[in-house]
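Pasting model38.cif here (mmCIF, C-alpha atoms):
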```
data_entry
#
loop_
_atom_site.label_atom_id
_atom_site.label_comp_id
_atom_site.auth_asym_id
_atom_site.auth_seq_id
_atom_site.Cartn_x
_atom_site.Cartn_y
_atom_site.Cartn_z
CA MET B 1 0.00 0.00 0.00
CA ALA B 2 1.46 3.35 -1.06
CA ARG B 3 1.81 5.92 1.68
CA LYS B 4 2.35 9.65 1.92
CA ASN B 5 4.88 11.43 4.10
CA ILE B 6 7.79 9.63 2.50
CA TYR B 7 11.26 10.58 3.71
CA ASP B 8 13.58 12.30 1.26
CA PRO B 9 17.21 12.72 2.48
CA LYS B 10 17.52 15.89 0.37
CA ASP B 11 14.47 17.57 1.92
CA LYS B 12 15.37 20.22 4.50
CA GLU B 13 11.87 20.44 5.99
CA PRO B 14 11.29 18.68 9.36
CA PHE B 15 10.02 15.15 8.86
CA LYS B 16 7.12 13.92 11.02
CA LEU B 17 7.75 10.53 12.59
CA SER B 18 5.06 9.06 14.79
CA ARG B 19 5.56 7.08 17.96
CA THR B 20 4.30 3.98 16.16
CA LYS B 21 6.91 4.38 13.41
CA VAL B 22 9.71 4.63 15.97
CA ASP B 23 8.43 1.35 17.41
CA LEU B 24 8.28 -0.10 13.89
CA PHE B 25 11.98 0.70 13.51
CA VAL B 26 12.72 -1.09 16.80
CA ASN B 27 10.76 -4.15 15.64
CA CYS B 28 12.08 -4.29 12.08
CA PRO B 29 14.35 -1.67 10.45
CA ARG B 30 13.62 -3.12 7.00
CA CYS B 31 9.84 -2.73 7.33
CA PHE B 32 10.47 0.77 8.68
CA TYR B 33 12.65 1.64 5.66
CA LEU B 34 10.13 0.25 3.18
CA ASP B 35 7.37 2.24 4.89
CA ARG B 36 8.96 5.65 5.47
CA ARG B 37 11.56 5.75 2.66
CA LEU B 38 9.85 3.81 -0.15
CA GLY B 39 6.22 4.36 0.78
CA VAL B 40 5.26 0.67 1.04
CA SER B 41 3.68 -0.15 4.38
CA ARG B 42 2.72 -3.40 6.04
CA PRO B 43 -0.86 -4.56 5.32
CA PRO B 44 -3.23 -2.71 7.65
CA MET B 45 -4.71 -4.52 10.62
CA PHE B 46 -8.46 -4.74 11.11
CA PRO B 47 -9.73 -1.82 13.22
CA TYR B 48 -10.38 -2.69 16.85
CA SER B 49 -13.77 -0.96 17.01
CA LEU B 50 -14.68 -2.42 20.41
CA ASN B 51 -11.36 -1.31 21.89
CA GLN B 52 -11.90 2.18 20.47
CA ALA B 53 -15.36 2.28 22.04
CA VAL B 54 -13.91 1.39 25.45
CA ASP B 55 -11.22 4.08 25.02
CA THR B 56 -13.85 6.69 24.19
CA LEU B 57 -16.02 5.78 27.18
CA LEU B 58 -13.05 5.81 29.56
CA LYS B 59 -12.01 9.25 28.32
CA LYS B 60 -15.52 10.56 28.89
CA GLU B 61 -15.57 9.07 32.39
CA PHE B 62 -12.21 10.54 33.39
CA ASP B 63 -13.08 13.89 31.77
CA ILE B 64 -16.01 14.28 34.16
CA LEU B 65 -13.62 13.94 37.08
CA ARG B 66 -11.00 16.09 35.33
CA LYS B 67 -13.38 19.06 35.40
CA LYS B 68 -14.05 18.47 39.10
CA GLY B 69 -10.38 17.89 39.98
CA GLU B 70 -11.31 14.59 41.60
CA ALA B 71 -9.73 11.15 41.57
CA HIS B 72 -11.49 8.18 39.99
CA SER B 73 -12.62 5.39 42.33
CA LEU B 74 -10.13 3.09 40.58
CA MET B 75 -7.30 5.45 41.47
CA LYS B 76 -8.47 5.47 45.07
CA ASN B 77 -8.72 1.66 45.16
CA TYR B 78 -5.14 1.35 43.93
CA LYS B 79 -4.01 4.12 46.30
CA ILE B 80 -2.71 6.21 43.42
CA ASP B 81 -1.89 9.73 44.56
CA ALA B 82 -3.18 11.54 41.47
CA VAL B 83 -6.12 13.11 39.66
CA PRO B 84 -6.79 13.51 35.91
CA TYR B 85 -4.65 16.38 34.62
CA GLN B 86 -6.32 19.54 33.35
CA HIS B 87 -4.55 21.32 30.49
CA GLU B 88 -5.70 23.48 27.61
CA ASN B 89 -4.02 21.13 25.11
CA ILE B 90 -5.37 17.85 26.47
CA ASP B 91 -7.73 17.39 23.50
CA ASP B 92 -4.91 18.02 21.02
CA TRP B 93 -2.65 15.58 22.84
CA ARG B 94 -5.33 12.90 22.49
CA ASN B 95 -6.01 13.68 18.82
CA ASN B 96 -4.39 11.13 16.48
CA TRP B 97 -3.72 13.83 13.86
CA LYS B 98 -2.06 16.26 16.31
CA GLY B 99 -0.84 14.61 19.49
CA ILE B 100 2.06 15.83 21.57
CA GLN B 101 5.04 16.81 19.39
CA TYR B 102 8.73 17.59 19.69
CA LEU B 103 11.18 18.73 17.01
CA ASP B 104 14.45 16.88 17.54
CA LYS B 105 16.96 19.28 15.96
CA SER B 106 19.75 16.69 15.77
CA THR B 107 17.69 14.61 13.30
CA ASN B 108 15.17 17.21 12.08
CA PHE B 109 12.43 14.75 13.01
CA ILE B 110 9.17 15.85 14.59
CA ILE B 111 8.42 12.99 16.97
CA PHE B 112 4.76 12.83 17.90
CA GLY B 113 2.03 10.61 19.30
CA ALA B 114 -1.47 10.70 20.76
CA ILE B 115 -1.83 9.81 24.43
CA ASP B 116 -4.90 8.36 26.14
CA ASP B 117 -4.61 10.32 29.37
CA ILE B 118 -2.38 12.22 31.78
CA TRP B 119 -2.66 12.18 35.57
CA ILE B 120 -0.97 14.57 37.98
CA ASN B 121 0.17 13.67 41.48
CA SER B 122 0.55 15.78 44.61
CA HIS B 123 4.20 16.51 43.70
CA ASN B 124 3.06 18.10 40.41
CA GLU B 125 4.53 15.21 38.42
CA LEU B 126 2.65 13.94 35.38
CA HIS B 127 1.96 10.26 34.75
CA ILE B 128 1.53 8.86 31.24
CA VAL B 129 -1.67 6.78 31.17
CA ASP B 130 -2.72 4.29 28.52
CA TYR B 131 -6.05 2.49 28.17
CA LYS B 132 -5.99 -1.15 27.07
CA SER B 133 -8.83 -3.56 26.30
CA THR B 134 -8.67 -7.34 26.09
CA SER B 135 -10.57 -10.50 26.99
CA THR B 136 -8.53 -13.23 28.61
CA THR B 137 -8.69 -15.70 31.47
CA GLN B 138 -4.95 -15.41 32.00
CA GLU B 139 -3.35 -13.03 34.47
CA ILE B 140 -2.52 -9.70 32.84
CA SER B 141 1.12 -8.78 33.31
CA MET B 142 3.32 -6.14 31.76
CA ASP B 143 6.14 -8.71 31.66
CA SER B 144 4.65 -10.71 28.79
CA GLU B 145 6.63 -10.54 25.55
CA TYR B 146 4.01 -8.86 23.37
CA ARG B 147 3.48 -6.08 25.92
CA GLN B 148 7.07 -4.86 25.57
CA GLY B 149 5.80 -2.53 22.88
CA TYR B 150 3.39 -1.00 25.39
CA LYS B 151 6.34 -0.20 27.64
CA ARG B 152 8.22 1.47 24.79
CA GLN B 153 5.06 3.39 23.96
CA ALA B 154 4.91 4.85 27.46
CA GLU B 155 8.64 5.64 27.44
CA ILE B 156 8.45 7.51 24.12
CA TYR B 157 5.61 9.62 25.51
CA GLN B 158 7.62 10.27 28.67
CA TRP B 159 10.52 11.42 26.49
CA ILE B 160 8.35 13.72 24.32
CA PHE B 161 6.70 15.36 27.33
CA ARG B 162 10.05 15.87 29.05
CA LYS B 163 11.39 17.50 25.89
CA ASN B 164 8.40 19.84 26.12
CA ASN B 165 9.57 20.81 29.64
CA PHE B 166 6.91 18.91 31.58
CA LYS B 167 7.76 17.31 34.90
CA ILE B 168 7.18 13.63 34.18
CA SER B 169 7.15 10.76 36.65
CA ASP B 170 8.95 7.54 35.68
CA ILE B 171 5.77 5.68 36.67
CA ALA B 172 3.28 5.12 33.86
CA TYR B 173 -0.13 3.52 34.33
CA PHE B 174 -2.07 1.09 32.17
CA VAL B 175 -5.83 0.93 32.75
CA TYR B 176 -6.71 -2.59 31.62
CA CYS B 177 -10.32 -3.50 30.79
CA ASN B 178 -10.75 -7.27 30.60
CA GLY B 179 -14.02 -8.44 29.03
CA LYS B 180 -15.75 -11.11 31.09
CA THR B 181 -16.97 -14.19 29.18
CA GLY B 182 -18.02 -16.40 32.09
CA GLU B 183 -21.52 -14.97 32.47
CA ASP B 184 -24.52 -17.26 31.84
CA LYS B 185 -26.30 -14.70 29.66
CA PHE B 186 -25.22 -11.86 27.39
CA ASP B 187 -28.38 -9.67 27.33
CA GLY B 188 -26.54 -7.12 25.20
CA ILE B 189 -24.25 -6.18 28.10
CA LEU B 190 -20.51 -6.81 28.12
CA GLU B 191 -19.00 -6.47 31.58
CA PHE B 192 -15.35 -5.82 32.34
CA ASP B 193 -12.91 -6.39 35.14
CA ILE B 194 -10.81 -3.23 35.30
CA GLN B 195 -7.37 -3.05 36.85
CA ILE B 196 -4.50 -0.58 36.85
CA LEU B 197 -0.96 -1.78 36.21
CA ASP B 198 2.01 0.46 36.92
CA TYR B 199 5.30 0.46 35.06
CA LYS B 200 8.53 2.30 35.82
CA GLY B 201 9.76 3.57 32.49
CA ASN B 202 13.24 4.41 31.28
CA ASP B 203 13.38 6.61 28.19
CA SER B 204 17.19 6.67 27.91
CA TRP B 205 17.05 4.56 24.72
CA VAL B 206 14.76 6.90 22.77
CA GLU B 207 17.20 9.55 21.59
CA ALA B 208 19.80 7.08 20.31
CA THR B 209 17.08 5.06 18.56
CA ILE B 210 15.79 8.13 16.73
CA LYS B 211 19.32 8.87 15.51
CA GLU B 212 19.64 5.28 14.28
CA ALA B 213 16.30 5.60 12.50
CA LYS B 214 17.60 8.73 10.76
CA LYS B 215 20.74 6.89 9.67
CA CYS B 216 18.58 4.06 8.37
CA LEU B 217 16.42 6.39 6.25
CA ASN B 218 19.45 8.25 4.90
CA SER B 219 20.83 5.05 3.40
CA ASP B 220 20.14 4.20 -0.23
CA LYS B 221 20.01 0.51 0.67
CA ALA B 222 17.30 -1.19 2.69
CA PRO B 223 18.57 -2.96 5.83
CA GLN B 224 18.45 -6.70 6.30
CA ALA B 225 15.18 -8.30 7.38
CA SER B 226 14.72 -8.89 11.08
CA PRO B 227 14.83 -12.65 11.82
CA GLY B 228 11.52 -12.65 13.71
CA CYS B 229 9.56 -10.39 11.33
CA ILE B 230 6.65 -12.34 9.84
CA TYR B 231 6.13 -9.67 7.17
CA CYS B 232 9.70 -10.00 5.94
CA GLN B 233 9.37 -13.79 6.03
CA TYR B 234 6.27 -13.54 3.85
CA ARG B 235 8.02 -11.26 1.36
CA ALA B 236 11.02 -13.63 1.19
CA ALA B 237 8.80 -16.69 0.70
CA ASP B 238 6.77 -14.95 -2.00
CA LYS B 239 9.91 -13.81 -3.83
CA LYS B 240 11.37 -17.32 -3.63
CA LEU B 241 8.23 -18.93 -5.09
CA GLU B 242 8.03 -16.39 -7.90
CA LYS B 243 11.59 -17.21 -8.94
#
```
Could the structure of this file be written out as structure tokens, please?
Amino acid sequence: MARKNIYDPKDKEPFKLSRTKVDLFVNCPRCFYLDRRLGVSRPPMFPYSLNQAVDTLLKKEFDILRKKGEAHSLMKNYKIDAVPYQHENIDDWRNNWKGIQYLDKSTNFIIFGAIDDIWINSHNELHIVDYKSTSTTQEISMDSEYRQGYKRQAEIYQWIFRKNNFKISDIAYFVYCNGKTGEDKFDGILEFDIQILDYKGNDSWVEATIKEAKKCLNSDKAPQASPGCIYCQYRAADKKLEK
């Protein structure tokens, strides 16, 4: 699929690079190069409409308390010393087409991403907050392999906000909504168990990674495929069969 916003090494204008594209580079530099330099992206995933609905409802719920300056009952249950953060740009930060942005002058990249929420504690530190939806009978843990990307997501946001001179706590929170499937009847109502998981982030890797991503895009040769990348494996298998 052809994409816009293709990187041109000769272009002097700042290049917008989203949080998800930075994570794409971490996962597979070759897929990143094909996407941002050549304009060929991975096949799109199906939209998670139910997850988006949960995100929207959570934002509405926390926005009610944001206006009042009050903590959510979940925050109280988990003894989290914070309330939803009020800021004039909160809607822009949560907008996928705007988000929170920072121009990294060393690479001329505008790094940006849309957050789910921000909480502020009694020490005036901000916490990055992400909403997640799932349905599983297994214990939800941030240590599972596929949730490593969630950790990087929080750390990139911590880095962007710090670069915008906000006082950011290392502790990020994940509000996990787990759909319950053990009920005898559906009756058009899906119930959730909701829990909050904390994670102590470390954004020290972000700056060096962005510089490596710049170096990757400046090259006239695509990098080698990542061994574990299923998209690269598919391309290689397809090319082999065609030959």
Exercise. Could you give me, as an MDAnalysis selection string, the residues within 9 Å of range 194-211 of chain B, counting all atoms listed in the file and dropping anything in the same chain fewer than 2 positions from it?
Key: chainID B and resid 22 25:26 74:75 78 104 106:107 109 111 140:142 151:152 154:159 169:179 192 213:216
Quiz item: Hey, can you check how far CA of Leu103 in chain B sits from CA of Ile128 in chain B?
Solution: 19.8 Å
Quiz prompt | Interatomic distance (Å, one decimal) between CA of Lys67 in chain B and CA of Gln86 in chain B | solution = 7.4 Å
Could you give me the axis-aligned bounding box of range 88-91 of chain B, with 8 Å of padding per side, as centre plus edge lengths in Å to one decimal, as lines of an AutoDock Vina configuration file?
```
center_x = -5.9
center_y = 20.4
center_z = 25.6
size_x = 19.7
size_y = 22.1
size_z = 20.1
```
Let me know the residues the PyMOL selection byres ((chain B and resi 29) around 12) catches in the file above, as a PDB file with C-alpha atoms, keeping the file's coordinate frame.
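File written: out.pdb
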```pdb
ATOM      1  CA  LYS B  21       6.910   4.380  13.410  1.00  0.00           C
ATOM      2  CA  VAL B  22       9.710   4.630  15.970  1.00  0.00           C
ATOM      3  CA  ASP B  23       8.430   1.350  17.410  1.00  0.00           C
ATOM      4  CA  LEU B  24       8.280  -0.100  13.890  1.00  0.00           C
ATOM      5  CA  PHE B  25      11.980   0.700  13.510  1.00  0.00           C
ATOM      6  CA  VAL B  26      12.720  -1.090  16.800  1.00  0.00           C
ATOM      7  CA  ASN B  27      10.760  -4.150  15.640  1.00  0.00           C
ATOM      8  CA  CYS B  28      12.080  -4.290  12.080  1.00  0.00           C
ATOM      9  CA  ARG B  30      13.620  -3.120   7.000  1.00  0.00           C
ATOM     10  CA  CYS B  31       9.840  -2.730   7.330  1.00  0.00           C
ATOM     11  CA  PHE B  32      10.470   0.770   8.680  1.00  0.00           C
ATOM     12  CA  TYR B  33      12.650   1.640   5.660  1.00  0.00           C
ATOM     13  CA  LEU B  34      10.130   0.250   3.180  1.00  0.00           C
ATOM     14  CA  ASP B  35       7.370   2.240   4.890  1.00  0.00           C
ATOM     15  CA  ARG B  36       8.960   5.650   5.470  1.00  0.00           C
ATOM     16  CA  ARG B  37      11.560   5.750   2.660  1.00  0.00           C
ATOM     17  CA  THR B 209      17.080   5.060  18.560  1.00  0.00           C
ATOM     18  CA  ILE B 210      15.790   8.130  16.730  1.00  0.00           C
ATOM     19  CA  GLU B 212      19.640   5.280  14.280  1.00  0.00           C
ATOM     20  CA  ALA B 213      16.300   5.600  12.500  1.00  0.00           C
ATOM     21  CA  LYS B 214      17.600   8.730  10.760  1.00  0.00           C
ATOM     22  CA  LYS B 215      20.740   6.890   9.670  1.00  0.00           C
ATOM     23  CA  CYS B 216      18.580   4.060   8.370  1.00  0.00           C
ATOM     24  CA  LEU B 217      16.420   6.390   6.250  1.00  0.00           C
ATOM     25  CA  SER B 219      20.830   5.050   3.400  1.00  0.00           C
ATOM     26  CA  LYS B 221      20.010   0.510   0.670  1.00  0.00           C
ATOM     27  CA  ALA B 222      17.300  -1.190   2.690  1.00  0.00           C
ATOM     28  CA  PRO B 223      18.570  -2.960   5.830  1.00  0.00           C
ATOM     29  CA  GLN B 224      18.450  -6.700   6.300  1.00  0.00           C
ATOM     30  CA  ALA B 225      15.180  -8.300   7.380  1.00  0.00           C
ATOM     31  CA  SER B 226      14.720  -8.890  11.080  1.00  0.00           C
ATOM     32  CA  PRO B 227      14.830 -12.650  11.820  1.00  0.00           C
ATOM     33  CA  GLY B 228      11.520 -12.650  13.710  1.00  0.00           C
ATOM     34  CA  CYS B 229       9.560 -10.390  11.330  1.00  0.00           C
ATOM     35  CA  TYR B 231       6.130  -9.670   7.170  1.00  0.00           C
ATOM     36  CA  CYS B 232       9.700 -10.000   5.940  1.00  0.00           C
TER      37      CYS B 232
END
```
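Pairwise distance (CA of Ile115 in chain B, CA of Arg19 in chain B) equals 10.2 Å.
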Practice problem: Given the file shown, enumerate the residues that the PyMOL selection byres ((chain B and resi 8) around 10) captures and present them as number ranges by chain. | Solution: B: 5-7, 9-13, 15, 36-38, 217-218
Quiz item: Expanded to explicit residues, what is the PyMOL selection byres ((chain B and resi 48-53) around 12) for this file, as a list in words?
Solution: Pro44, Met45, Phe46, Pro47, Val54, Asp55, Thr56, Leu57, Leu58, Lys59, Lys60, Asp116, Tyr131, Lys132, Ser133, Thr134, Ser135, Tyr176, Cys177, Asn178, Gly179 and Leu190 of chain B
Quiz item: In file coordinates, which residues lie within 12 Å of (-6.8, 13.6, 17.8) using only C-alpha atoms, given as JSON, numbers by chain?
Solution: {"B": [56, 89, 90, 91, 92, 93, 94, 95, 96, 97, 98, 99, 100, 112, 113, 114, 115, 116]}
Exercise. Skip Arg66 in chain B itself and residues of its chain fewer than 3 positions away, then list as a list in words all residues within 12 Å of it, counting only C-alpha atoms.
Key: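 So, after excluding close chain neighbours, the residues are Leu58, Lys59, Lys60, Glu61, Phe62, Asp63, Gly69, Glu70, Ala71, His72, Ala82, Val83, Pro84, Tyr85, Gln86, His87, Glu88, Ile90, Asp117, Ile118, Trp119 and Ile120 of chain B.
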Quiz prompt | Exercise: Asp81 in chain B partners within 7 Å, all atoms listed in the file, chain neighbours under 2 positions left out, as a list of chain:residue names | solution =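 After dropping sequence-adjacent residues, the list is B:Lys79, B:Asn121, B:Ser122.
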File dump, residues just selected, C-alpha atoms, as a PDB file, in the coordinates of the input:
```pdb
ATOM      1  CA  LYS B  79      -4.010   4.120  46.300  1.00  0.00           C
ATOM      2  CA  ASN B 121       0.170  13.670  41.480  1.00  0.00           C
ATOM      3  CA  SER B 122       0.550  15.780  44.610  1.00  0.00           C
TER       4      SER B 122
END
```
Self-check item: Counting all atoms listed in the file, the residue of B:Asp238, B:Glu139, B:Asp130, B:Glu183 that sits nearest Gln153 in chain B
Solution: B:Asp130
Could you extract range 77-138 of chain B of the given structure into a file holding C-alpha atoms, as a PDB file, in the first residue's frame?
```pdb
ATOM      1  CA  ASN B  77      -8.723   1.664  45.164  1.00  0.00           C
ATOM      2  CA  TYR B  78      -5.144   1.351  43.930  1.00  0.00           C
ATOM      3  CA  LYS B  79      -4.009   4.116  46.302  1.00  0.00           C
ATOM      4  CA  ILE B  80      -2.709   6.212  43.419  1.00  0.00           C
ATOM      5  CA  ASP B  81      -1.893   9.727  44.564  1.00  0.00           C
ATOM      6  CA  ALA B  82      -3.183  11.536  41.471  1.00  0.00           C
ATOM      7  CA  VAL B  83      -6.122  13.106  39.661  1.00  0.00           C
ATOM      8  CA  PRO B  84      -6.786  13.512  35.911  1.00  0.00           C
ATOM      9  CA  TYR B  85      -4.651  16.382  34.617  1.00  0.00           C
ATOM     10  CA  GLN B  86      -6.321  19.542  33.348  1.00  0.00           C
ATOM     11  CA  HIS B  87      -4.550  21.318  30.494  1.00  0.00           C
ATOM     12  CA  GLU B  88      -5.700  23.483  27.606  1.00  0.00           C
ATOM     13  CA  ASN B  89      -4.024  21.133  25.111  1.00  0.00           C
ATOM     14  CA  ILE B  90      -5.365  17.847  26.467  1.00  0.00           C
ATOM     15  CA  ASP B  91      -7.729  17.386  23.496  1.00  0.00           C
ATOM     16  CA  ASP B  92      -4.909  18.020  21.016  1.00  0.00           C
ATOM     17  CA  TRP B  93      -2.646  15.579  22.840  1.00  0.00           C
ATOM     18  CA  ARG B  94      -5.330  12.898  22.494  1.00  0.00           C
ATOM     19  CA  ASN B  95      -6.006  13.681  18.824  1.00  0.00           C
ATOM     20  CA  ASN B  96      -4.395  11.132  16.476  1.00  0.00           C
ATOM     21  CA  TRP B  97      -3.715  13.829  13.857  1.00  0.00           C
ATOM     22  CA  LYS B  98      -2.056  16.259  16.306  1.00  0.00           C
ATOM     23  CA  GLY B  99      -0.845  14.610  19.488  1.00  0.00           C
ATOM     24  CA  ILE B 100       2.064  15.833  21.572  1.00  0.00           C
ATOM     25  CA  GLN B 101       5.043  16.815  19.386  1.00  0.00           C
ATOM     26  CA  TYR B 102       8.729  17.594  19.689  1.00  0.00           C
ATOM     27  CA  LEU B 103      11.182  18.733  17.008  1.00  0.00           C
ATOM     28  CA  ASP B 104      14.452  16.884  17.540  1.00  0.00           C
ATOM     29  CA  LYS B 105      16.959  19.278  15.964  1.00  0.00           C
ATOM     30  CA  SER B 106      19.749  16.689  15.769  1.00  0.00           C
ATOM     31  CA  THR B 107      17.692  14.608  13.302  1.00  0.00           C
ATOM     32  CA  ASN B 108      15.174  17.215  12.076  1.00  0.00           C
ATOM     33  CA  PHE B 109      12.431  14.751  13.010  1.00  0.00           C
ATOM     34  CA  ILE B 110       9.171  15.853  14.593  1.00  0.00           C
ATOM     35  CA  ILE B 111       8.422  12.989  16.971  1.00  0.00           C
ATOM     36  CA  PHE B 112       4.756  12.830  17.899  1.00  0.00           C
ATOM     37  CA  GLY B 113       2.035  10.610  19.297  1.00  0.00           C
ATOM     38  CA  ALA B 114      -1.473  10.695  20.759  1.00  0.00           C
ATOM     39  CA  ILE B 115      -1.834   9.806  24.429  1.00  0.00           C
ATOM     40  CA  ASP B 116      -4.902   8.358  26.142  1.00  0.00           C
ATOM     41  CA  ASP B 117      -4.609  10.318  29.370  1.00  0.00           C
ATOM     42  CA  ILE B 118      -2.376  12.216  31.777  1.00  0.00           C
ATOM     43  CA  TRP B 119      -2.662  12.178  35.566  1.00  0.00           C
ATOM     44  CA  ILE B 120      -0.972  14.574  37.975  1.00  0.00           C
ATOM     45  CA  ASN B 121       0.166  13.669  41.483  1.00  0.00           C
ATOM     46  CA  SER B 122       0.551  15.784  44.609  1.00  0.00           C
ATOM     47  CA  HIS B 123       4.204  16.505  43.696  1.00  0.00           C
ATOM     48  CA  ASN B 124       3.056  18.097  40.405  1.00  0.00           C
ATOM     49  CA  GLU B 125       4.531  15.209  38.423  1.00  0.00           C
ATOM     50  CA  LEU B 126       2.655  13.936  35.382  1.00  0.00           C
ATOM     51  CA  HIS B 127       1.960  10.257  34.751  1.00  0.00           C
ATOM     52  CA  ILE B 128       1.531   8.862  31.242  1.00  0.00           C
ATOM     53  CA  VAL B 129      -1.670   6.778  31.167  1.00  0.00           C
ATOM     54  CA  ASP B 130      -2.715   4.286  28.515  1.00  0.00           C
ATOM     55  CA  TYR B 131      -6.049   2.488  28.172  1.00  0.00           C
ATOM     56  CA  LYS B 132      -5.986  -1.149  27.067  1.00  0.00           C
ATOM     57  CA  SER B 133      -8.827  -3.562  26.295  1.00  0.00           C
ATOM     58  CA  THR B 134      -8.675  -7.340  26.093  1.00  0.00           C
ATOM     59  CA  SER B 135     -10.569 -10.497  26.988  1.00  0.00           C
ATOM     60  CA  THR B 136      -8.534 -13.226  28.615  1.00  0.00           C
ATOM     61  CA  THR B 137      -8.692 -15.696  31.467  1.00  0.00           C
ATOM     62  CA  GLN B 138      -4.948 -15.409  32.000  1.00  0.00           C
TER      63      GLN B 138
END
```
